[in-house]
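**Student:** Starting off with a structure, shown below.
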Protein chains: 2
Amino acid sequence: MEGENYTVTPWEVKGKVDYDKLIIQFGTQKVTEELKQKISRLVGGDLHVMLRRNVFFSHRDLDLVLKDYEEGRGFFLYTGRAPSLGMHIGHLIPFIFTKWLQEKFKVNLYIEITDDEKFMRNVDYTLDQTRQWAYENILDIIAVGFDPDRTFIFQDTEYIKNMYPIAVKVAKKLTFNEVKATFGLDTSSNIGIIFYPALQIAPTMFEKRRCLIPAGIDQDPYWRLQRDIAESLGYYKAAQIHSKFLPPLTGPEGKMSSSNPESAIYLTDDPKTVERKIMKYAFSGGQPTIELHRKYGGNPDIDVPFQWLYYFFEPDDNKIKEIEEEYRSGKMLTGELKQILIERLNEFLEKHRQNREEAKDKVRLFKYEGKLATEMWSKIHE
Amino acid sequence: MEGENYTVTPWEVKGKVDYDKLIIQFGTQKVTEELKQKISRLVGGDLHVMLRRNVFFSHRDLDLVLKDYEEGRGFFLYTGRAPSLGMHIGHLIPFIFTKWLQEKFKVNLYIEITDDEKFMRNVDYTLDQTRQWAYENILDIIAVGFDPDRTFIFQDTEYIKNMYPIAVKVAKKLTFNEVKATFGLDTSSNIGIIFYPALQIAPTMFEKRRCLIPAGIDQDPYWRLQRDIAESLGYYKAAQIHSKFLPPLTGPEGKMSSSNPESAIYLTDDPKTVERKIMKYAFSGGQPTIELHRKYGGNPDIDVPFQWLYYFFEPDDNKIKEIEEEYRSGKMLTGELKQILIERLNEFLEKHRQNREEAKDKVRLFKYEGKLATEMWSKIHE
């Protein structure tokens, strides 16, 4: 989808995205105040910071998901990850929000790890590599704190047997012509990557209930294919709740990317590295000199450290308001704002590293032995 | 591959095939007298009727297979079947020859049952149907008499987990452009059938030994793709031994086909049906009247009952010679020749039906519990 100054596709996010316009262009729905109030009522309490602040701003069929929940039919969550050498903060955002949804609605969650797709997409990667990355990424995902009895983390190359029958039914409904544009394929693509959309869609049919997928809005086109065919196979169209993009450190436009390591904070970055990256690379909305800053104030709307705090790292609404006002007025300097983010990031990463250590003992639980995992391994999806 | 008066592709065999020319056109090798003598020496005895009579007439790397065997490296056999509602005599021919090879060389045999491909190829079929056919066809295959400890019969939708890793490695090496012509695909093909070539090739890599595939020569193009990529994955190029086509009942040209039931004898045809079909439909090389037949004799070269006897159903070389001479001289009438075939066919089918009944108790052995099957289920193919 292209706007005047931006591009949003599953494989590229570029420019300053106009999110209101994107909702119209993608044909999705806005997450309205009314919907947010309904969620608040259903979960009996406060909304997650990413909902309150409209980080998750767009949806498809979220209203129907809530109705299903309200009327006792329930729903389930589905998300995934293409394993990579290291995960950065941007990768974790949808998982953090998904965890909140699971905790509040007490629903099953399926997390697909696409070790096959990653291997087939990149001529240089071996399957051993993408599986090793899968293991490492799974530790980071478990560290987010999912419910081990309601969460099933599965790797395509392992769980394929159980999902292959439903995958071939999906595959039979999708022609090369239908998937090529959405998945960026052409006739010189390999035949494995051409089949892969079927494996991405299959988990939306793990239960005969509505599936809710929390993801960046750039992922929406993938699920349109699912929505085209789901009902003909006797399943629900996948519902989605879409997030905005956490801006890369280096500027307020586009999306954090692994291909530009300076633009991201990795989950393995130590406190010194975090400090250095934020101080050196984080794009500032402040003025060039202290004098000018005190006089004209900073611009939080384009300031990446402020955006990161707003997005997630400062969940206290009063505090974020205070920071915004002080920064805009010039009372708070760029360095001070950056220090706040550095502190929050390092607190977060410190806790994450502890959780990740503990996750090593939980891998078997999430993949094979937890309540949901045990159920899933005994099922063949048709 | 097209000759002046014939077409031979994996999905069509038409016209009067010039087999000598086909060897040149396909670029395969002739099964020479020297090779046949070598086989005879290695197996310590007579050759199978289909080798003696050059029904299996062409090959790729059969010489290397025999060398591997002779020098102790061994080899293995691989064949398969796309399940169908009923199997006819033509379907059984490669299995009968494969059984002989297994018995004589004492080697492992893998039989792939492509319940997935059959389902995805045909818009009208359900997966339940193709699996039911798979079960029925497996009974017919087991009835041929394979060694339950050296034979593994596997259905794609069941064994996918164990072979998916090697299949994605194969898939990564093959582009849509490379498979489309060979498999008769275009951009409106579904993405499952586009992936399928990877699953057809994967079993050629079940062992780090040379794989020998006995099949109709029309199947050769499939294996050329395998031969293009096998060595880059650390495996052998698949060797093949190619058969001619058992002519359809209705005429000496083309290939027996399920889409024309009159042209085939089904394994379920009862004695009366066999008699009726042969008497009514079997294309004869005899003369229009008894008088003319006695005077000019019959032409066994185009006579389908004679061809069937020659192909397989009269393995005694003296007897077939006698039949040929008597028919050619006019001493034997068309009706008499047909009666010989009817008798042989009914003997064969009677025995087959008994074996098929007994096969019901052996399915688990061939699929899951025999020596080779047990080994295979404990392996992941990488």
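In the structure tokens, chains take the letters A, B, ... in the order shown, each chain's residues start at 1, and ligands count up from 1 in the order shown.
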Find the residues of chain A in contact range of chain B, meaning any atom within 7 Å when counting only C-alpha atoms, and list them as a ChimeraX atom specification.
**Tutor:** /A:116,120,157-158,160-161,164-165,168,171-177,187-192,194-195
**Student:** Emit the selected residues as an mmCIF file, in the first residue's frame, including N, CA, C and O atoms.
**Tutor:**
```cif
data_model
loop_
_atom_site.group_PDB
_atom_site.id
_atom_site.type_symbol
_atom_site.label_atom_id
_atom_site.label_comp_id
_atom_site.auth_asym_id
_atom_site.auth_seq_id
_atom_site.Cartn_x
_atom_site.Cartn_y
_atom_site.Cartn_z
ATOM 1 N N ASP A 116 11.486 -23.495 8.480
ATOM 2 C CA ASP A 116 11.523 -23.909 7.074
ATOM 3 C C ASP A 116 11.550 -22.701 6.129
ATOM 4 O O ASP A 116 12.379 -22.608 5.234
ATOM 5 N N MET A 120 14.375 -21.502 3.445
ATOM 6 C CA MET A 120 14.128 -21.504 2.002
ATOM 7 C C MET A 120 14.187 -20.118 1.384
ATOM 8 O O MET A 120 14.399 -19.968 0.191
ATOM 9 N N THR A 157 9.188 -27.490 10.896
ATOM 10 C CA THR A 157 9.820 -28.768 10.506
ATOM 11 C C THR A 157 9.514 -29.885 11.496
ATOM 12 O O THR A 157 9.731 -31.052 11.200
ATOM 13 N N GLU A 158 9.008 -29.534 12.691
ATOM 14 C CA GLU A 158 8.654 -30.578 13.662
ATOM 15 C C GLU A 158 7.160 -30.880 13.649
ATOM 16 O O GLU A 158 6.748 -32.033 13.731
ATOM 17 N N ILE A 160 4.988 -30.312 11.301
ATOM 18 C CA ILE A 160 4.425 -30.446 9.958
ATOM 19 C C ILE A 160 3.485 -31.637 9.839
ATOM 20 O O ILE A 160 2.428 -31.538 9.202
ATOM 21 N N LYS A 161 3.823 -32.746 10.455
ATOM 22 C CA LYS A 161 2.985 -33.936 10.293
ATOM 23 C C LYS A 161 1.551 -33.663 10.736
ATOM 24 O O LYS A 161 0.603 -34.036 10.067
ATOM 25 N N TYR A 164 -0.021 -30.952 8.259
ATOM 26 C CA TYR A 164 0.057 -31.110 6.806
ATOM 27 C C TYR A 164 -1.311 -31.347 6.151
ATOM 28 O O TYR A 164 -1.603 -30.737 5.117
ATOM 29 N N PRO A 165 -2.173 -32.190 6.741
ATOM 30 C CA PRO A 165 -3.476 -32.384 6.086
ATOM 31 C C PRO A 165 -4.271 -31.085 5.911
ATOM 32 O O PRO A 165 -4.789 -30.828 4.819
ATOM 33 N N VAL A 168 -2.548 -28.990 3.147
ATOM 34 C CA VAL A 168 -2.798 -29.341 1.744
ATOM 35 C C VAL A 168 -4.196 -28.898 1.317
ATOM 36 O O VAL A 168 -4.418 -28.543 0.156
ATOM 37 N N ALA A 171 -3.647 -25.311 0.627
ATOM 38 C CA ALA A 171 -2.837 -25.171 -0.596
ATOM 39 C C ALA A 171 -3.681 -25.388 -1.853
ATOM 40 O O ALA A 171 -3.504 -24.699 -2.865
ATOM 41 N N LYS A 172 -4.578 -26.347 -1.762
ATOM 42 C CA LYS A 172 -5.419 -26.661 -2.924
ATOM 43 C C LYS A 172 -6.308 -25.486 -3.321
ATOM 44 O O LYS A 172 -6.748 -25.392 -4.466
ATOM 45 N N LYS A 173 -6.557 -24.586 -2.371
ATOM 46 C CA LYS A 173 -7.434 -23.426 -2.612
ATOM 47 C C LYS A 173 -6.675 -22.203 -3.132
ATOM 48 O O LYS A 173 -7.286 -21.184 -3.450
ATOM 49 N N LEU A 174 -5.352 -22.276 -3.127
ATOM 50 C CA LEU A 174 -4.561 -21.088 -3.479
ATOM 51 C C LEU A 174 -3.690 -21.362 -4.697
ATOM 52 O O LEU A 174 -2.862 -22.270 -4.684
ATOM 53 N N THR A 175 -3.853 -20.537 -5.724
ATOM 54 C CA THR A 175 -2.994 -20.717 -6.896
ATOM 55 C C THR A 175 -1.736 -19.860 -6.756
ATOM 56 O O THR A 175 -1.681 -18.923 -5.957
ATOM 57 N N PHE A 176 -0.747 -20.211 -7.559
ATOM 58 C CA PHE A 176 0.477 -19.406 -7.612
ATOM 59 C C PHE A 176 0.133 -17.947 -7.894
ATOM 60 O O PHE A 176 0.654 -17.034 -7.238
ATOM 61 N N ASN A 177 -0.759 -17.726 -8.847
ATOM 62 C CA ASN A 177 -1.143 -16.343 -9.181
ATOM 63 C C ASN A 177 -1.685 -15.596 -7.963
ATOM 64 O O ASN A 177 -1.427 -14.405 -7.795
ATOM 65 N N THR A 187 8.167 -16.445 -10.832
ATOM 66 C CA THR A 187 8.336 -17.824 -11.322
ATOM 67 C C THR A 187 9.757 -18.355 -11.091
ATOM 68 O O THR A 187 9.998 -19.534 -11.268
ATOM 69 N N SER A 188 10.673 -17.469 -10.674
ATOM 70 C CA SER A 188 12.007 -17.968 -10.332
ATOM 71 C C SER A 188 12.131 -18.256 -8.839
ATOM 72 O O SER A 188 13.203 -18.603 -8.355
ATOM 73 N N SER A 189 11.035 -18.122 -8.105
ATOM 74 C CA SER A 189 11.040 -18.486 -6.680
ATOM 75 C C SER A 189 11.093 -20.000 -6.547
ATOM 76 O O SER A 189 10.605 -20.724 -7.407
ATOM 77 N N ASN A 190 11.665 -20.449 -5.442
ATOM 78 C CA ASN A 190 11.719 -21.899 -5.267
ATOM 79 C C ASN A 190 10.357 -22.445 -4.829
ATOM 80 O O ASN A 190 9.527 -21.723 -4.270
ATOM 81 N N ILE A 191 10.139 -23.726 -5.070
ATOM 82 C CA ILE A 191 8.808 -24.317 -4.893
ATOM 83 C C ILE A 191 8.432 -24.491 -3.424
ATOM 84 O O ILE A 191 7.262 -24.666 -3.094
ATOM 85 N N GLY A 192 9.439 -24.421 -2.544
ATOM 86 C CA GLY A 192 9.145 -24.527 -1.114
ATOM 87 C C GLY A 192 8.525 -23.245 -0.595
ATOM 88 O O GLY A 192 7.531 -23.255 0.142
ATOM 89 N N ILE A 194 6.996 -21.133 -2.312
ATOM 90 C CA ILE A 194 5.677 -20.964 -2.939
ATOM 91 C C ILE A 194 4.600 -21.709 -2.135
ATOM 92 O O ILE A 194 3.476 -21.244 -1.998
ATOM 93 N N PHE A 195 4.986 -22.843 -1.559
ATOM 94 C CA PHE A 195 4.042 -23.631 -0.748
ATOM 95 C C PHE A 195 3.823 -23.011 0.628
ATOM 96 O O PHE A 195 2.762 -23.170 1.242
#
```
**Student:** Using only C-alpha atoms, which protein or nucleic acid residues come within 10 Å of Ile141 (chain A)? Drop anything in the same chain fewer than 3 positions from it, and give the result as a ChimeraX atom specification.
**Tutor:** /A:80-81,87,91-92,95-96,99,111,135-138,144-146,153,352,355-356,359
**Student:** Choose the residue, out of B:Ile93, B:Leu109, B:Leu349, B:Leu292, that has the smallest atom-to-atom separation from Phe56 (chain B); count only C-alpha atoms.
**Tutor:** B:Ile93
**Student:** I'd like to know which residues of region 155-315 of chain A are alpha helix (DSSP H) (by DSSP, run on the backbone); could you write them as a ChimeraX atom specification?
**Tutor:** /A:156-173,176-183,191-201,220-229,271-281,290-296,304-308
**Student:** Write out as a ChimeraX atom specification the set of residues from region 54-263 of chain B that DSSP, computed on the backbone, places in strand (DSSP E or B).
**Tutor:** /B:56-60,75-81,88,109-113,151-155,175,190,210-216,239-243
**Student:** With only C-alpha atoms as the counted atoms, please give the residues lying no more than 10 Å from Tyr19 (chain B), apart from itself and same-chain residues fewer than 2 positions off, as a count of residues only.
**Tutor:** 15
